[in-house]
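With compact mmCIF, C-alpha atoms inside, this is my_file-v8.txt:
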# COMPACT_ATOMS: atom_id res chain seq x y z
CA MET T 666 133.28 100.45 292.34
CA ALA T 667 130.67 102.63 294.05
CA PHE T 668 130.92 106.41 294.03
CA TYR T 669 129.37 108.42 296.80
CA ARG T 670 128.53 111.95 295.88
CA GLU T 671 127.42 113.54 299.08
CA SER T 672 128.14 116.53 301.24
CA THR T 673 127.23 117.82 304.69
CA ILE T 674 124.60 120.55 305.02
CA VAL T 675 123.81 122.64 308.10
CA TYR T 676 120.66 124.76 308.55
CA ILE T 677 120.68 127.24 311.44
CA ALA T 678 117.24 128.68 312.22
CA CYS T 679 118.50 132.05 313.44
CA ASP T 680 117.42 135.48 312.16
CA PRO T 681 118.13 135.49 309.23
CA PRO T 682 118.51 131.71 308.69
CA ALA T 683 121.96 130.45 307.72
CA ILE T 684 122.57 127.49 305.43
CA LEU T 685 126.07 126.10 304.92
CA TRP T 686 127.31 123.12 302.98
CA SER T 687 130.77 121.57 302.95
CA GLY T 688 131.43 122.13 299.25
CA PHE T 689 132.73 125.08 297.26
CA GLY T 690 130.54 127.96 296.11
CA PRO T 691 126.82 128.62 296.48
CA LEU T 692 124.40 125.69 296.21
CA PRO T 693 120.72 126.23 295.31
CA VAL T 694 118.71 124.16 297.80
CA PRO T 695 115.02 123.29 297.31
CA ALA T 696 112.42 123.77 300.04
CA ASP T 697 111.64 120.76 302.19
CA ALA T 698 110.50 119.87 305.71
CA VAL T 699 113.39 121.83 307.29
CA ILE T 700 114.11 124.63 304.79
CA PRO T 701 110.88 126.65 304.40
CA SER T 702 111.60 128.11 300.93
CA PRO T 703 114.15 127.57 298.15
CA SER T 704 117.43 129.05 299.35
CA ILE T 705 121.11 129.32 298.60
CA ALA T 706 123.52 127.37 300.81
CA LEU T 707 126.87 129.08 301.22
CA GLY T 708 129.85 126.89 300.44
CA GLY T 709 131.95 126.27 303.49
CA ALA T 710 134.98 125.39 301.36
CA GLU T 711 137.04 125.00 304.49
CA LEU T 712 134.33 123.54 306.73
CA VAL T 713 136.86 121.77 308.85
CA SER T 714 136.04 119.74 311.89
CA VAL T 715 132.61 118.39 310.97
CA PRO T 716 132.33 116.11 313.98
CA ASP T 717 130.63 112.74 314.13
CA PHE T 718 127.53 112.81 316.24
CA GLN T 719 125.54 110.15 318.04
CA GLN T 720 121.92 109.65 318.91
CA LEU T 721 120.86 110.84 322.34
CA ILE T 722 120.84 107.75 324.57
CA ASN T 723 120.07 107.55 328.28
CA GLY T 724 120.10 111.30 328.72
CA THR T 725 123.75 111.74 327.74
CA ALA T 726 124.16 115.27 326.41
CA GLU T 727 126.43 115.88 323.46
CA ARG T 728 128.40 119.05 322.68
CA LEU T 729 130.00 119.49 319.24
CA ASP T 730 132.00 122.23 317.51
CA PHE T 731 131.74 123.11 313.81
CA THR T 732 134.64 125.18 312.56
CA LEU T 733 134.56 127.28 309.39
CA SER T 734 138.09 128.35 308.49
CA GLY T 735 139.39 130.90 306.00
CA VAL T 736 136.48 133.35 306.28
CA SER T 737 136.61 136.96 305.12
CA GLU T 738 136.43 140.06 307.31
CA GLU T 739 132.89 140.66 306.03
CA THR T 740 131.82 137.16 307.12
CA VAL T 741 133.35 137.75 310.55
CA ARG T 742 131.49 141.07 310.83
CA LEU T 743 128.20 139.41 309.90
CA ALA T 744 128.85 136.57 312.35
CA LEU T 745 129.47 139.06 315.16
CA GLU T 746 126.24 140.91 314.34
CA ASP T 747 124.18 137.71 314.18
CA ALA T 748 125.77 135.97 317.19
CA PRO T 749 122.96 136.95 319.64
CA SER T 750 120.26 135.44 317.39
CA VAL T 751 122.26 132.22 316.97
CA ARG T 752 122.25 131.31 320.68
CA GLY T 753 119.39 128.88 321.28
CA ALA T 754 118.56 128.50 317.56
CA ARG T 755 117.63 125.12 316.14
CA VAL T 756 120.41 123.52 314.07
CA ASP T 757 119.57 120.77 311.58
CA ILE T 758 122.39 118.68 310.14
CA GLY T 759 121.99 116.51 307.10
CA THR T 760 123.58 114.96 304.05
CA VAL T 761 123.05 116.18 300.49
CA HIS T 762 123.06 113.34 297.96
CA PHE T 763 124.07 114.26 294.39
CA ASP T 764 123.49 112.44 291.10
CA ASP T 765 126.20 111.77 288.48
CA ASP T 766 125.91 115.36 287.21
CA TRP T 767 126.28 116.82 290.73
CA GLN T 768 122.62 117.84 290.87
CA ILE T 769 120.82 117.44 294.20
CA GLU T 770 118.94 114.14 294.39
CA ALA T 771 117.83 114.42 298.01
CA ILE T 772 118.65 115.95 301.36
CA GLU T 773 118.57 113.55 304.28
CA TRP T 774 118.23 115.42 307.59
CA GLU T 775 119.95 113.31 310.22
CA ASN T 776 119.86 115.16 313.53
CA VAL T 777 118.64 118.26 315.37
CA PHE T 778 120.76 120.27 317.80
CA GLU T 779 120.61 123.61 319.60
CA ALA T 780 123.16 126.35 318.93
CA ARG T 781 124.94 127.30 322.13
CA SER T 782 127.56 129.83 321.01
CA LEU T 783 129.25 131.38 318.01
CA SER T 784 132.89 132.38 318.48
CA ILE T 785 135.41 134.01 316.20
CA SER T 786 139.12 133.20 316.43
CA ARG T 787 141.78 135.85 316.31
CA PRO T 788 143.33 136.28 312.85
CA THR T 789 146.51 134.25 312.39
CA MET T 790 149.17 134.45 309.70
CA GLN T 791 149.71 131.31 307.62
CA ASN T 792 152.00 131.42 304.58
CA GLY T 793 151.71 135.19 304.42
CA GLN T 794 147.90 135.16 304.52
CA VAL T 795 145.56 136.10 307.34
CA THR T 796 143.31 133.20 308.35
CA ARG T 797 140.18 133.65 310.45
CA SER T 798 137.82 130.96 311.66
CA ILE T 799 134.34 130.84 313.13
CA THR T 800 133.29 128.08 315.52
CA LEU T 801 129.67 127.16 316.18
CA THR T 802 129.11 125.12 319.33
CA ILE T 803 125.98 122.99 319.20
CA VAL T 804 124.46 120.78 321.86
CA GLN T 805 121.94 118.02 322.14
CA GLY T 806 120.21 117.42 325.42
CA ASP T 807 120.49 119.47 328.56
CA THR T 808 124.06 120.67 328.93
CA THR T 809 123.28 123.77 330.97
CA ARG T 810 122.75 122.03 334.30
CA SER T 811 124.81 119.54 336.18
CA ARG T 812 122.95 117.07 338.29
CA SER T 813 124.12 116.20 341.75
CA LYS T 814 124.77 112.63 342.75
CA SER T 815 121.98 110.67 344.37
CA ALA T 816 121.70 111.40 348.07
CA PHE T 817 121.19 108.67 350.64
CA PHE T 818 119.63 109.57 353.95
CA THR T 819 121.86 107.60 356.27
CA ASP T 820 123.03 108.44 359.74
CA ALA T 821 126.68 108.29 358.64
CA ASP T 822 126.10 110.78 355.77
CA GLN T 823 124.26 113.20 358.05
CA ARG T 824 126.84 112.97 360.85
CA ARG T 825 129.67 113.59 358.38
CA LYS T 826 128.15 117.01 357.64
CA TYR T 827 126.66 117.71 361.09
CA PRO T 828 128.32 115.59 363.83
CA THR T 829 125.69 116.29 366.51
CA ASP T 830 122.58 115.81 364.33
CA ALA T 831 120.89 112.45 365.03
CA ILE T 832 117.79 112.90 362.83
CA PHE T 833 118.65 109.87 360.65
CA SER T 834 119.74 107.56 363.47
CA HIS T 835 116.74 105.22 362.96
CA VAL T 836 117.01 104.95 359.13
CA ALA T 837 118.98 101.69 359.36
CA GLY T 838 115.96 99.99 360.95
CA ILE T 839 113.66 100.85 358.02
CA ASN T 840 113.61 98.47 355.08
CA ALA T 841 111.18 97.47 352.34
CA GLY T 842 109.16 95.22 354.66
CA THR T 843 108.61 97.69 357.49
CA SER T 844 106.85 100.96 357.97
CA ARG T 845 106.99 103.57 360.66
CA ARG T 846 104.20 105.75 361.89
CA PHE T 847 105.11 109.37 362.10
CA GLY T 848 104.01 111.58 364.91
CA PRO T 849 104.24 111.25 368.67
CA SER T 850 104.80 107.78 370.10
CA ASP T 851 101.91 106.49 372.21
For this file, produce the structure as structure tokens.
Amino acid sequence: MAFYRESTIVYIACDPPAILWSGFGPLPVPADAVIPSPSIALGGAELVSVPDFQQLINGTAERLDFTLSGVSEETVRLALEDAPSVRGARVDIGTVHFDDDWQIEAIEWENVFEARSLSISRPTMQNGQVTRSITLTIVQGDTTRSRSKSAFFTDADQRRKYPTDAIFSHVAGINAGTSRRFGPSD
């Protein structure tokens, strides 16, 4: 039977950089192509909602939410202070592979996103304890603009908007095999 000892790691290139992993407690992480110097990844412990992501195909933008639940007041305060530097920051997501002794074998960086927003939920009471959560929204591709549908220059489309405008009345006579000279008719 195969055992998989792996965890999710997230590197946010904000100021200062944030590194989280989905395990408990701090994790010493070596420098590599993404992490510039040896660092400590903070254990997410309750890193709930680590969504599946896909590769960007045919320009389809993807928007994902990472939720860190059960954070302290101090963590919330720090998140609020750092929220402006998070917007637009590069976010690398990878998998940490561990050996049999739970020592890091390798970190495989799987995808790059852009941080869009950092939001803090209102404290809620659960079993007599206050629970706070922080949600990081990340995107891949251009999610800031919506693109309009393709426009066709037909007489019917133009007259629907402007009933008396006949500028496109001759479009139906133009096809791939014909051309029209522009300018005054001789």
Interatomic distance (Å, one decimal) between CA of Val699 (chain T) and CA of Phe731 (chain T): 19.5 Å
d(CA of Val675 (chain T), CA of Gln794 (chain T)) in Å: 27.4 Å
Selected residue, from T:Ser784, T:Thr819, T:Ser704, T:Asn776, that lies nearest to Ser798 (chain T) when counting all atoms listed in the file: T:Ser784
Separation of CA of Phe689 (chain T) from CA of Val736 (chain T), in Å and rounded to one decimal: 12.8 Å
Nearest residue to Thr732 (chain T) from the set T:Glu775, T:Gly759, T:Cys679, T:Thr800 (distances using all atoms listed in the file):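 Ranking T:Glu775, T:Gly759, T:Cys679, T:Thr800 by distance to Thr732 (chain T), first place goes to T:Thr800.
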